[in-house]
Amino acid sequence: MHVPDGFLDAPTSAATGVVAVAAVALSLRGARRELDDRTAPRAGLVATFVFAAQMINFPVGAGTSGHLMGGALAAVLVGPWTAVLCLSVVLVVQALLMADGGITALGTNITLIGIVTVAVGWAVFVLLRRVLPKRVSMVAPAAAVGALVSVPAAALVFTLLFSVGGNVSVDLGAVMTAMLGWHTAIGIGEALITGLVVGSVVATRPDLVHGARPLLEERELELRTGVGP
Amino acid sequence: MSTRRLFAVALVVSLLLAGVASYYASAHPDGLEYVAEQTGFSDAAEDSATADSPLADYQTSGVDDARVSGGLAGVIGVVVMLVLSTGLFWLVRRREPRDADADQRAQSEA
């Protein structure tokens with residue numbers, strides 16, 4: 001999904017650049033609530049893992065591949081504000097060091113992969129956490145569904161950006177259909193990886209999972225009423 | 001599992017993914033590249049300004065063996081990511097309230 005230089009025109013790239021800068025500034029403030037002496041190193045590790053996992057392209061049918069985006073994964077593990085920062089660091093390192101994703105497209109890539117996947121993945125996760133049984137075992141499936149939805153959502157936003165500021169005039173309906181189709185398939189991979197990773201951490205140390213915290217607090221309250229007089 | 005041990009596992013997994021498994025990753029175009037080819041806008045892609053950097057395209061320039069070249073780039077990337085992101089989050093984090101109190105006391109005593 002890393003957008004190269006040249007796909008979008010300068011005004012659109014500048015606009016997504018402004019969106020990216022604003023979102024990172026907001027996230028720097030918001031992340032203060034999520035980060036302390038114990039969670040800061042954890043967030044660094046999550047960003048590092050997302051970088052490594054993004055190197056693993058998995059095949060999705062006819063000559064196409066996809067890789068983890070990691071927005072939903074990072075949001076559930078370390079919180080949504082910190083997740084935006086995690087993905088932003090990943091995208092900056094990829095663009096500057098690895099030439100993966102364009103430089104003028106950096107704002108676009110932060111918008112799509114850093115903001116849209118985190119916002120959509122986290123929103124779907126929180127919604128599911130509200131309606132599903134209040135059990136810690138529900139965290140990984142909810143994260144997986146958030147991940148599944150987040151990928152086509154980013155593809156949809158790319159298509160909208162391309163319809164506004166694409167440098168080539170092509171059949172936008174065809175672009176939309178193909179982008180949503182392929183990225184729904186990639187979203188299944190995203191969901192599997194996210195479910196597996198979140199599930200592993202929940203199974204070993206649920207207290208380290210940001211998205212599991214409200215459920216753990218409820219569980220503690222239940223235990224206390226159980227031992228009371 | 002202790003936090004330290006879990007951290008170690010996550011770091012080792014990251015290093016193995018970037019340093020070893022990445023060699024076996026699919027080389028097919030990703031979803032966006034594929035759609036760009038199919039619908040006719042892939043030619044608009046321009047080379048990045050960093051396309052000549054020593055680690056461009058996850059290959060280490062000057063290293064001929066593809067497995068070593070890619071693995072090395074991945075490992076360097078992981079180390080850079082760990083230092084940069086942990087450093088950023090350490091700066092952004094809120095200081096422990098106990099420390100803040102101690103700082104205040106130290107200031108008022110001074």
# chains A, B, ... in the order shown; residues from 1 in each chain; ligands from 1
>>> interface_residues(of="chain B", to="chain A", cutoff="7 Å", atoms="only C-alpha atoms", output="PyMOL selection string")
chain B and resi 1+14+17-18+22+25-26+28-32+34-35+39-41+44-51+53+55-58+78+81-82+85-86+89-90+92-96
>>> select_by_dssp(residues="segment 2-218 of chain A", states="alpha helix (DSSP H)", output="JSON, numbers by chain")
{"A": [10, 11, 12, 13, 14, 15, 16, 17, 18, 19, 20, 21, 22, 23, 24, 25, 26, 27, 28, 29, 30, 39, 40, 41, 42, 43, 44, 45, 46, 47, 48, 49, 50, 51, 52, 53, 71, 72, 73, 74, 75, 76, 77, 78, 80, 81, 82, 83, 84, 85, 86, 87, 88, 89, 90, 91, 92, 93, 94, 95, 96, 97, 106, 107, 108, 109, 117, 118, 119, 120, 121, 122, 123, 124, 125, 126, 127, 128, 129, 130, 131, 139, 140, 141, 142, 143, 144, 145, 146, 147, 148, 149, 150, 151, 152, 153, 154, 155, 156, 157, 158, 159, 160, 161, 162, 163, 164, 165, 172, 173, 174, 175, 176, 177, 178, 179, 180, 181, 182, 183, 184, 185, 186, 187, 188, 189, 190, 191, 192, 193, 194, 195, 196, 197, 198, 199, 200, 201, 202, 203, 204, 213, 214, 215, 216, 217, 218]}
>>> write_last_selection(atoms="C-alpha atoms", output="compact mmCIF listing (two decimals), in the first residue's frame")
# COMPACT_ATOMS: atom_id res chain seq x y z
CA ALA A 10 1.42 18.23 -5.54
CA PRO A 11 -1.66 19.92 -3.98
CA THR A 12 -3.08 16.58 -2.81
CA SER A 13 0.30 15.47 -1.46
CA ALA A 14 0.66 18.81 0.36
CA ALA A 15 -2.84 18.44 1.82
CA THR A 16 -2.16 14.95 3.13
CA GLY A 17 1.14 16.31 4.46
CA VAL A 18 -0.79 18.88 6.51
CA VAL A 19 -3.19 16.18 7.73
CA ALA A 20 -0.24 13.99 8.73
CA VAL A 21 1.55 16.77 10.62
CA ALA A 22 -1.66 17.72 12.46
CA ALA A 23 -2.38 14.09 13.37
CA VAL A 24 1.16 13.50 14.62
CA ALA A 25 1.01 16.70 16.72
CA LEU A 26 -2.32 15.62 18.23
CA SER A 27 -0.95 12.13 18.84
CA LEU A 28 2.13 13.49 20.61
CA ARG A 29 -0.27 15.10 23.10
CA GLY A 30 -2.66 12.15 23.28
CA THR A 39 4.71 1.43 28.46
CA ALA A 40 7.24 3.59 26.55
CA PRO A 41 9.75 0.77 25.90
CA ARG A 42 6.83 -1.51 25.01
CA ALA A 43 5.62 0.98 22.39
CA GLY A 44 9.12 1.16 20.90
CA LEU A 45 9.12 -2.59 20.57
CA VAL A 46 5.67 -2.62 18.94
CA ALA A 47 6.84 -0.07 16.34
CA THR A 48 9.92 -2.20 15.69
CA PHE A 49 7.84 -5.35 15.30
CA VAL A 50 5.48 -3.62 12.86
CA PHE A 51 8.50 -2.52 10.79
CA ALA A 52 9.84 -6.09 10.68
CA ALA A 53 6.44 -7.64 9.95
CA GLY A 71 -2.49 -0.01 12.63
CA ALA A 72 -5.13 -2.08 14.43
CA LEU A 73 -2.43 -4.27 15.99
CA ALA A 74 -0.48 -1.33 17.42
CA ALA A 75 -3.64 0.45 18.61
CA VAL A 76 -4.86 -2.57 20.58
CA LEU A 77 -1.41 -3.28 22.04
CA VAL A 78 -0.31 0.25 23.05
CA PRO A 80 -4.44 4.54 19.42
CA TRP A 81 -2.45 7.79 19.92
CA THR A 82 0.78 5.89 20.43
CA ALA A 83 -0.10 3.67 17.46
CA VAL A 84 -0.25 6.68 15.12
CA LEU A 85 3.26 7.58 16.30
CA CYS A 86 4.47 3.96 15.92
CA LEU A 87 3.29 3.80 12.31
CA SER A 88 4.64 7.28 11.56
CA VAL A 89 8.13 6.31 12.72
CA VAL A 90 7.92 3.11 10.64
CA LEU A 91 6.90 5.07 7.53
CA VAL A 92 9.59 7.75 7.99
CA VAL A 93 12.32 5.12 8.40
CA GLN A 94 11.02 3.18 5.39
CA ALA A 95 10.88 6.28 3.19
CA LEU A 96 14.25 7.74 4.20
CA LEU A 97 16.31 4.60 4.68
CA LEU A 106 5.12 10.51 3.01
CA GLY A 107 2.13 12.57 4.17
CA THR A 108 -0.16 10.37 2.07
CA ASN A 109 1.34 7.20 3.49
CA THR A 117 -5.86 2.02 9.70
CA VAL A 118 -5.35 3.05 13.34
CA ALA A 119 -8.58 5.07 13.54
CA VAL A 120 -10.74 2.47 11.78
CA GLY A 121 -9.09 -0.52 13.45
CA TRP A 122 -9.41 0.99 16.91
CA ALA A 123 -13.01 2.20 16.35
CA VAL A 124 -14.16 -1.24 15.21
CA PHE A 125 -12.28 -2.86 18.11
CA VAL A 126 -13.87 -0.58 20.73
CA LEU A 127 -17.31 -1.11 19.23
CA LEU A 128 -16.90 -4.89 19.35
CA ARG A 129 -15.48 -4.79 22.88
CA ARG A 130 -18.69 -3.02 23.90
CA VAL A 131 -21.08 -5.55 22.35
CA VAL A 139 -9.81 -9.11 22.72
CA ALA A 140 -7.93 -10.99 19.97
CA PRO A 141 -11.01 -11.70 17.80
CA ALA A 142 -12.16 -8.08 18.15
CA ALA A 143 -8.67 -6.87 17.17
CA ALA A 144 -8.70 -9.22 14.16
CA VAL A 145 -12.01 -7.83 12.89
CA GLY A 146 -10.73 -4.28 13.38
CA ALA A 147 -7.64 -5.23 11.34
CA LEU A 148 -9.79 -6.83 8.62
CA VAL A 149 -11.86 -3.66 8.15
CA SER A 150 -8.89 -1.27 8.43
CA VAL A 151 -7.16 -2.41 5.22
CA PRO A 152 -10.01 -1.88 2.71
CA ALA A 153 -10.76 1.37 4.57
CA ALA A 154 -7.25 2.62 3.74
CA ALA A 155 -7.72 1.41 0.14
CA LEU A 156 -10.98 3.36 -0.05
CA VAL A 157 -9.32 6.55 1.18
CA PHE A 158 -6.48 6.09 -1.34
CA THR A 159 -9.04 5.81 -4.13
CA LEU A 160 -10.80 8.97 -2.93
CA LEU A 161 -7.45 10.81 -2.88
CA PHE A 162 -6.66 9.48 -6.35
CA SER A 163 -10.04 10.67 -7.65
CA VAL A 164 -9.22 14.17 -6.37
CA GLY A 165 -5.54 14.38 -7.21
CA LEU A 172 -11.99 5.42 -11.20
CA GLY A 173 -14.73 2.83 -10.85
CA ALA A 174 -12.28 0.14 -11.93
CA VAL A 175 -9.66 1.48 -9.50
CA MET A 176 -12.20 1.48 -6.65
CA THR A 177 -13.41 -2.08 -7.37
CA ALA A 178 -9.88 -3.47 -7.73
CA MET A 179 -8.51 -1.62 -4.68
CA LEU A 180 -11.38 -2.76 -2.43
CA GLY A 181 -11.29 -6.32 -3.75
CA TRP A 182 -7.56 -6.91 -3.36
CA HIS A 183 -7.33 -5.09 -0.06
CA THR A 184 -10.18 -7.08 1.42
CA ALA A 185 -8.10 -10.17 0.60
CA ILE A 186 -5.02 -8.56 2.15
CA GLY A 187 -7.22 -7.60 5.12
CA ILE A 188 -7.79 -11.31 5.82
CA GLY A 189 -4.02 -11.73 6.20
CA GLU A 190 -3.94 -8.61 8.35
CA ALA A 191 -6.70 -10.08 10.54
CA LEU A 192 -4.91 -13.44 10.91
CA ILE A 193 -1.58 -11.86 11.92
CA THR A 194 -3.24 -9.33 14.24
CA GLY A 195 -5.37 -12.02 15.89
CA LEU A 196 -2.37 -14.30 16.31
CA VAL A 197 -0.07 -11.65 17.82
CA VAL A 198 -2.69 -10.05 20.09
CA GLY A 199 -3.89 -13.52 21.11
CA SER A 200 -0.34 -14.58 22.04
CA VAL A 201 0.24 -11.51 24.22
CA VAL A 202 -3.22 -11.78 25.81
CA ALA A 203 -2.52 -15.44 26.62
CA THR A 204 0.80 -14.67 28.32
CA ARG A 213 -7.30 -3.04 30.30
CA PRO A 214 -11.01 -2.15 30.86
CA LEU A 215 -11.86 -5.87 30.86
CA LEU A 216 -9.12 -6.66 33.38
CA GLU A 217 -10.30 -3.88 35.69
CA GLU A 218 -13.81 -5.30 35.60
>>> select_by_dssp(residues="segment 45-140 of chain A", states="strand (DSSP E)", output="ChimeraX atom specification")
/A:58-59,65-66
>>> write_last_selection(atoms="C-alpha atoms", output="PDB file, in the first residue's frame")
ATOM      1  CA  PHE A  58       2.365 -12.780   1.754  1.00  0.00           C
ATOM      2  CA  PRO A  59       0.796 -13.903  -1.556  1.00  0.00           C
ATOM      3  CA  SER A  65       0.920  -9.790  -2.478  1.00  0.00           C
ATOM      4  CA  GLY A  66       0.238  -7.821   0.657  1.00  0.00           C
TER       5      GLY A  66
END
>>> atom_distance(atom1="atom CA of Leu15 of chain B", atom2="atom CA of Arg67 of chain B")
14.2 Å
>>> decode(residues="segment 11-41 of chain B", atoms="C-alpha atoms", output="PDB file, in the first residue's frame")
ATOM      1  CA  LEU B  11      12.840  -8.528  19.721  1.00  0.00           C
ATOM      2  CA  VAL B  12      14.157 -11.914  18.569  1.00  0.00           C
ATOM      3  CA  VAL B  13      11.003 -12.475  16.484  1.00  0.00           C
ATOM      4  CA  SER B  14      11.434  -9.002  14.904  1.00  0.00           C
ATOM      5  CA  LEU B  15      15.093  -9.700  14.083  1.00  0.00           C
ATOM      6  CA  LEU B  16      14.239 -13.104  12.590  1.00  0.00           C
ATOM      7  CA  LEU B  17      11.416 -11.645  10.484  1.00  0.00           C
ATOM      8  CA  ALA B  18      13.535  -8.799   9.133  1.00  0.00           C
ATOM      9  CA  GLY B  19      16.846 -10.648   8.976  1.00  0.00           C
ATOM     10  CA  VAL B  20      15.884 -14.129   7.809  1.00  0.00           C
ATOM     11  CA  ALA B  21      12.211 -14.611   6.884  1.00  0.00           C
ATOM     12  CA  SER B  22      12.126 -11.518   4.670  1.00  0.00           C
ATOM     13  CA  TYR B  23      14.192 -13.413   2.063  1.00  0.00           C
ATOM     14  CA  TYR B  24      11.280 -15.796   1.606  1.00  0.00           C
ATOM     15  CA  ALA B  25       8.612 -13.082   1.381  1.00  0.00           C
ATOM     16  CA  SER B  26       6.478 -12.897  -1.753  1.00  0.00           C
ATOM     17  CA  ALA B  27       8.122 -10.853  -4.512  1.00  0.00           C
ATOM     18  CA  HIS B  28       4.822 -10.216  -6.279  1.00  0.00           C
ATOM     19  CA  PRO B  29       3.685  -6.583  -6.578  1.00  0.00           C
ATOM     20  CA  ASP B  30       1.592  -5.493  -3.609  1.00  0.00           C
ATOM     21  CA  GLY B  31      -2.106  -4.692  -3.873  1.00  0.00           C
ATOM     22  CA  LEU B  32      -1.632  -1.059  -4.881  1.00  0.00           C
ATOM     23  CA  GLU B  33       1.140  -1.778  -7.438  1.00  0.00           C
ATOM     24  CA  TYR B  34      -0.975  -4.542  -8.958  1.00  0.00           C
ATOM     25  CA  VAL B  35      -4.059  -2.336  -9.225  1.00  0.00           C
ATOM     26  CA  ALA B  36      -1.931   0.462 -10.705  1.00  0.00           C
ATOM     27  CA  GLU B  37      -0.676  -1.920 -13.403  1.00  0.00           C
ATOM     28  CA  GLN B  38      -4.152  -3.311 -14.120  1.00  0.00           C
ATOM     29  CA  THR B  39      -5.898   0.049 -14.340  1.00  0.00           C
ATOM     30  CA  GLY B  40      -3.052   1.878 -16.062  1.00  0.00           C
ATOM     31  CA  PHE B  41      -1.465   4.353 -13.689  1.00  0.00           C
TER      32      PHE B  41
END
